[in-house]
$ cat start35.cif   # mmCIF, C-alpha atoms and all ligand atoms
data_final
loop_
_atom_site.label_atom_id
_atom_site.label_comp_id
_atom_site.auth_asym_id
_atom_site.auth_seq_id
_atom_site.Cartn_x
_atom_site.Cartn_y
_atom_site.Cartn_z
CA MET A 266 78.97 315.69 153.27
CA ILE A 267 77.17 318.64 151.76
CA ILE A 268 77.72 322.18 153.06
CA ARG A 269 74.92 324.52 152.02
CA THR A 270 72.88 327.57 152.94
CA GLU A 271 70.01 327.01 155.34
CA THR A 272 66.49 327.36 153.96
CA GLU A 273 63.14 327.84 155.71
CA ARG A 274 62.42 324.14 155.40
CA ASP A 275 65.42 323.43 157.67
CA PHE A 276 64.27 325.62 160.57
CA ASN A 277 62.63 322.83 162.62
CA GLU A 278 65.53 320.44 162.21
CA VAL A 279 68.03 323.17 163.08
CA TYR A 280 66.05 323.94 166.23
CA LYS A 281 66.28 320.26 167.28
CA LEU A 282 69.96 320.05 166.38
CA ASN A 283 70.88 323.02 168.59
CA TYR A 284 68.71 321.65 171.39
CA LEU A 285 70.53 318.30 171.30
CA ALA A 286 74.04 319.65 170.80
CA PHE A 287 73.74 322.02 173.76
CA GLY A 288 72.64 319.28 176.15
CA ASN A 289 68.87 319.44 175.83
CA ARG A 290 68.44 323.14 176.38
CA GLU A 291 66.60 325.61 174.19
CA ASP A 292 68.69 328.76 174.73
CA GLU A 293 70.72 328.45 171.53
CA SER A 294 67.75 327.27 169.43
CA LYS A 295 65.87 330.36 170.54
CA LEU A 296 68.88 332.57 169.93
CA VAL A 297 68.92 331.33 166.33
CA GLU A 298 65.23 332.21 165.98
CA ARG A 299 65.73 335.72 167.38
CA ILE A 300 68.70 336.37 165.09
CA ARG A 301 66.75 335.19 162.03
CA LYS A 302 64.08 337.79 162.79
CA SER A 303 66.57 340.60 163.35
CA ASN A 304 68.23 343.13 161.05
CA GLU A 305 71.57 341.50 161.77
CA TYR A 306 70.59 338.26 160.03
CA ILE A 307 72.41 337.37 156.81
CA PRO A 308 70.72 334.33 155.20
CA GLU A 309 73.90 333.17 153.38
CA LEU A 310 75.68 332.99 156.73
CA SER A 311 73.31 330.42 158.19
CA ILE A 312 75.14 327.31 157.04
CA ILE A 313 74.17 323.65 157.21
CA ALA A 314 76.19 320.44 157.09
CA GLU A 315 74.15 317.58 155.71
CA MET A 316 74.86 313.84 155.49
CA GLU A 317 72.45 311.32 153.98
CA ASN A 318 69.62 313.86 154.00
CA GLU A 319 70.12 314.58 157.68
CA ILE A 320 71.31 317.89 159.13
CA VAL A 321 74.37 317.10 161.21
CA GLY A 322 75.74 320.59 161.77
CA HIS A 323 74.72 324.24 161.73
CA LEU A 324 76.65 327.49 161.98
CA LEU A 325 75.18 330.96 162.29
CA LEU A 326 77.16 334.13 161.67
CA SER A 327 75.47 337.52 161.93
CA LYS A 328 76.18 341.22 162.12
CA ALA A 329 77.25 343.21 165.17
CA LYS A 330 79.02 346.52 165.84
CA VAL A 331 82.40 347.46 167.20
CA GLU A 332 82.28 351.03 168.50
CA ASP A 333 84.93 353.49 169.58
CA HIS A 334 84.49 357.18 170.35
CA GLU A 335 84.21 358.16 166.69
CA ASN A 336 83.34 355.12 164.64
CA ALA A 337 80.98 352.17 164.48
CA TYR A 338 82.29 349.26 162.43
CA THR A 339 80.12 346.42 161.17
CA VAL A 340 81.64 343.09 162.12
CA ILE A 341 80.50 339.46 162.21
CA VAL A 342 79.84 337.42 165.33
CA LEU A 343 79.85 333.63 165.36
CA ALA A 344 77.08 332.03 167.43
CA PRO A 345 75.91 329.45 167.76
CA ILE A 346 77.63 326.47 166.19
CA ALA A 347 76.28 322.97 166.77
CA VAL A 348 77.19 319.50 165.58
CA LYS A 349 75.03 316.45 166.31
CA PRO A 350 76.44 314.68 169.37
CA ASN A 351 77.05 311.40 167.51
CA ARG A 352 78.84 313.27 164.70
CA GLN A 353 81.18 315.41 166.79
CA LYS A 354 84.98 315.26 166.51
CA GLN A 355 84.80 314.26 162.85
CA GLY A 356 85.76 317.66 161.48
CA ILE A 357 82.24 318.90 160.72
CA GLY A 358 82.49 321.97 162.97
CA SER A 359 85.80 322.91 161.35
CA ARG A 360 84.35 322.53 157.85
CA LEU A 361 81.44 324.81 158.77
CA ILE A 362 83.71 327.47 160.21
CA GLU A 363 86.05 327.37 157.21
CA GLU A 364 83.06 327.82 154.90
CA GLY A 365 81.74 330.64 157.10
CA ILE A 366 85.07 332.44 156.88
CA ARG A 367 85.11 332.05 153.08
CA ARG A 368 81.62 333.48 152.80
CA CYS A 369 82.45 336.43 155.07
CA ARG A 370 85.41 337.18 152.81
CA THR A 371 83.21 337.08 149.71
CA LEU A 372 80.66 339.37 151.37
CA GLY A 373 83.39 341.82 152.41
CA TYR A 374 83.34 341.51 156.20
CA GLY A 375 86.69 342.23 157.88
CA ILE A 376 86.66 340.37 161.19
CA ILE A 377 84.72 337.65 163.01
CA LEU A 378 84.36 337.76 166.79
CA LEU A 379 83.15 335.10 169.20
CA ILE A 380 82.99 333.88 172.76
CA GLY A 381 84.04 330.24 172.80
CA HIS A 382 86.22 327.38 173.96
CA PRO A 383 89.89 328.47 173.91
CA SER A 384 90.96 324.92 173.07
CA TYR A 385 88.84 324.74 169.91
CA TYR A 386 88.91 327.99 167.92
CA PRO A 387 92.65 328.84 167.90
CA ARG A 388 93.33 325.83 165.66
CA LEU A 389 91.07 327.52 163.10
CA GLY A 390 93.00 330.79 163.26
CA PHE A 391 91.12 332.65 166.00
CA GLN A 392 93.14 334.60 168.57
CA PRO A 393 92.40 336.47 171.79
CA ALA A 394 90.68 339.74 170.83
CA ARG A 395 91.49 342.09 173.69
CA LYS A 396 95.18 342.24 172.86
CA HIS A 397 94.14 343.69 169.48
CA GLY A 398 92.31 346.59 171.09
CA LEU A 399 88.89 344.98 171.02
CA ASP A 400 86.80 344.94 174.16
CA LEU A 401 83.68 343.25 175.45
CA LYS A 402 81.71 344.56 178.41
CA GLN A 403 78.24 343.07 177.90
CA PHE A 404 79.47 339.67 179.06
CA GLU A 405 82.10 339.16 181.72
CA VAL A 406 84.45 336.64 180.16
CA PRO A 407 88.17 335.85 180.50
CA ASP A 408 90.52 337.16 177.83
CA GLU A 409 91.16 333.76 176.26
CA VAL A 410 87.50 333.04 175.39
CA PHE A 411 86.85 336.36 173.63
CA MET A 412 88.38 335.71 170.22
CA VAL A 413 88.76 337.28 166.80
CA TYR A 414 89.55 336.07 163.30
CA GLU A 415 90.99 338.48 160.74
CA VAL A 416 89.11 337.81 157.49
CA GLU A 417 90.68 340.61 155.50
CA GLU A 418 94.31 341.50 156.08
CA GLY A 419 94.77 344.81 157.85
CA LYS A 420 91.31 344.89 159.44
CA LEU A 421 92.58 344.00 162.90
CA LYS A 422 94.73 347.13 162.81
CA GLU A 423 91.81 349.24 161.64
CA ILE A 424 88.90 348.03 163.78
CA LYS A 425 89.25 348.92 167.46
CA GLY A 426 86.70 349.42 170.20
CA GLU A 427 83.97 347.66 172.12
CA LEU A 428 82.00 344.80 170.57
CA LYS A 429 78.29 345.38 171.02
CA TYR A 430 76.17 342.27 170.57
CA PRO A 431 72.76 343.26 169.18
CA LYS A 432 69.42 342.89 170.98
CA ALA A 433 68.81 339.37 169.64
CA PHE A 434 71.49 338.11 172.02
CA PHE A 435 69.51 339.25 175.04
CA ASN A 436 66.03 337.82 175.51
C1 LIG B 501 82.02 322.64 169.41
C2 LIG B 501 81.54 321.82 168.23
C3 LIG B 501 80.69 322.67 167.31
C4 LIG B 501 82.76 321.30 167.47
O1 LIG B 501 82.34 320.60 166.32
P1 LIG B 501 83.08 319.24 165.90
O2 LIG B 501 82.56 318.86 164.58
O3 LIG B 501 82.92 318.25 167.02
O4 LIG B 501 84.57 319.74 165.86
P2 LIG B 501 85.73 319.23 164.92
O5 LIG B 501 85.52 317.78 164.63
O6 LIG B 501 85.90 320.16 163.81
O7 LIG B 501 86.96 319.42 165.88
C5 LIG B 501 87.14 318.48 166.89
C6 LIG B 501 88.20 318.92 167.81
O8 LIG B 501 87.71 319.99 168.62
C7 LIG B 501 87.69 319.58 169.98
N1 LIG B 501 86.44 320.00 170.56
C8 LIG B 501 85.21 319.70 170.13
N2 LIG B 501 84.31 320.22 170.96
C9 LIG B 501 84.99 320.88 171.92
C10 LIG B 501 84.61 321.60 173.08
N3 LIG B 501 83.32 321.76 173.40
N4 LIG B 501 85.58 322.15 173.82
C11 LIG B 501 86.87 321.97 173.50
N5 LIG B 501 87.29 321.27 172.44
C12 LIG B 501 86.36 320.73 171.66
C13 LIG B 501 87.75 318.08 169.97
O9 LIG B 501 88.36 317.61 171.13
C14 LIG B 501 88.57 317.81 168.75
O10 LIG B 501 89.91 317.94 169.08
P3 LIG B 501 90.94 316.83 168.62
O11 LIG B 501 90.87 316.84 167.12
O12 LIG B 501 92.23 317.33 169.17
O13 LIG B 501 90.43 315.58 169.24
C15 LIG B 501 80.72 320.58 168.67
O14 LIG B 501 81.50 319.80 169.52
C16 LIG B 501 79.41 320.91 169.38
O15 LIG B 501 78.35 321.04 168.75
N6 LIG B 501 79.45 321.03 170.72
C17 LIG B 501 78.26 321.33 171.50
C18 LIG B 501 77.78 322.72 171.29
C19 LIG B 501 78.87 323.75 171.58
O16 LIG B 501 79.53 323.67 172.60
N7 LIG B 501 79.04 324.70 170.65
C20 LIG B 501 80.09 325.70 170.72
C21 LIG B 501 79.86 326.77 171.71
S1 LIG B 501 81.31 327.78 171.79
#
$ encode --input "start35.cif" --output "structure tokens" --more "lines below"
Ligand SMILES: CC(C)(COP(=O)(O)OP(=O)(O)OC[C@H]1O[C@@H](n2cnc3c(N)ncnc32)[C@H](O)[C@@H]1OP(=O)(O)O)[C@@H](O)C(=O)NCCC(=O)NCCS
Amino acid sequence: MIIRTETERDFNEVYKLNYLAFGNREDESKLVERIRKSNEYIPELSIIAEMENEIVGHLLLSKAKVEDHENAYTVIVLAPIAVKPNRQKQGIGSRLIEEGIRRCRTLGYGIILLIGHPSYYPRLGFQPARKHGLDLKQFEVPDEVFMVYEVEEGKLKEIKGELKYPKAFFN
């Protein structure tokens, strides 16, 4: 399996992959398109898993803000991640997330936040975010699905406040 950065030539296949992985709906495919057009897009953080010249997985990480009364911190949000239905549960999603974390570290981002399945992400080192002084008000979600990963040691102590997903997340 090859893990690599997405290029423009992949856009159509990535659209189809997200459509299939999310049960034949376009929401996530369109989210990817909106993020790509936004200021929060970081091309190196749109990551592909490829097998035999076929795209079998895609992960998109992009910028967002955590704000408290005085500060606005730039953080990374993970969404969406998709693995082809017939290739799921073979470790591809985990490989993509591990690579995403490595790239965030290289680029100097401190934390990654997400809304996701509480049975999947903790095994990759994600933990509930609210107990670390992070909040989310734009979406009403239970504590266990709003999660954070500390990319750089000490950043969870430093970055506190409300996560604000950018406009691309709202159509
Ligand atoms: C979620 C997803 C990206 C995981 O990718 P993957 O390559 O299948 O995951 P991995 O092989 O790395 O990990 C598999 C493990 O995660 C678990 N897992 C996979 N998808 C899961 C889900 N939707 N909810 C809970 N657990 C899940 C599997 O049960 C498996 O656990 P096991 O090893 O104990 O059997 C993939 O299943 C997918 O594309 N799902 C549809 C789209 C989606 O829901 N995206 C995430 C939105 S938060």
$ closest_atom_pairs --input "start35.cif" --of "chain A" --to "ligand LIG 501 (chain B)" --cutoff "8 Å" --atoms "all atoms listed in the file" --output "Markdown table"
| residue | atom | partner | partner_atom | distance |
| --- | --- | --- | --- | --- |
| A:Asn283 | CA | B:LIG501 | C18 | 7.4 |
| A:Ala286 | CA | B:LIG501 | C17 | 4.6 |
| A:Phe287 | CA | B:LIG501 | C18 | 4.8 |
| A:Gly288 | CA | B:LIG501 | C17 | 7.6 |
| A:Gly322 | CA | B:LIG501 | O15 | 7.5 |
| A:Ala344 | CA | B:LIG501 | C21 | 7.3 |
| A:Pro345 | CA | B:LIG501 | C21 | 6.2 |
| A:Ile346 | CA | B:LIG501 | N7 | 5.0 |
| A:Ala347 | CA | B:LIG501 | O15 | 3.5 |
| A:Val348 | CA | B:LIG501 | O15 | 3.7 |
| A:Lys349 | CA | B:LIG501 | O15 | 6.2 |
| A:Pro350 | CA | B:LIG501 | O15 | 6.7 |
| A:Arg352 | CA | B:LIG501 | O2 | 6.7 |
| A:Gln353 | CA | B:LIG501 | O3 | 3.3 |
| A:Lys354 | CA | B:LIG501 | O5 | 3.2 |
| A:Gln355 | CA | B:LIG501 | O5 | 4.0 |
| A:Gly356 | CA | B:LIG501 | O5 | 3.2 |
| A:Ile357 | CA | B:LIG501 | O2 | 3.9 |
| A:Gly358 | CA | B:LIG501 | O2 | 3.5 |
| A:Ser359 | CA | B:LIG501 | O6 | 3.7 |
| A:Arg360 | CA | B:LIG501 | O6 | 6.6 |
| A:Leu379 | CA | B:LIG501 | S1 | 8.0 |
| A:Ile380 | CA | B:LIG501 | S1 | 6.4 |
| A:Gly381 | CA | B:LIG501 | S1 | 3.8 |
| A:His382 | CA | B:LIG501 | N4 | 5.3 |
| A:Pro383 | CA | B:LIG501 | C11 | 7.2 |
| A:Ser384 | CA | B:LIG501 | C11 | 5.1 |
| A:Tyr385 | CA | B:LIG501 | N5 | 4.6 |
$ atom_distance --input "start35.cif" --atom1 "atom CA of Asp408 of chain A" --atom2 "atom CA of Lys396 of chain A"
8.5 Å
$ residues_around --input "start35.cif" --residues "segment 325-340 of chain A" --least-positions-apart "3" --cutoff "10 Å" --atoms "only C-alpha atoms" --output "ChimeraX atom specification"
/A:271,297,300-301,303-313,343-347,361-362,365-366,368-369,373-379,399-401,423-432
$ closest_residue --input "start35.cif" --among "A:Ala433, A:Glu319, A:Gln403, A:Val416" --to "Ile267 of chain A" --atoms "all atoms listed in the file"
A:Glu319
$ atom_distance --input "start35.cif" --atom1 "atom CA of Val321 of chain A" --atom2 "atom CA of Glu409 of chain A"
28.0 Å
$ atom_distance --input "start35.cif" --atom1 "atom CA of Asp292 of chain A" --atom2 "atom CA of Asn351 of chain A"
20.6 Å
$ residues_near_point --input "start35.cif" --point "(91.5, 336.0, 173.0)" --cutoff "6 Å" --atoms "all atoms listed in the file" --output "PyMOL selection string"
chain A and resi 392-394+408-412
$ closest_residue --input "start35.cif" --among "A:Ser294, A:Thr371, A:Asn318, A:Asn436" --to "Tyr280 of chain A" --atoms "only C-alpha atoms"
A:Ser294
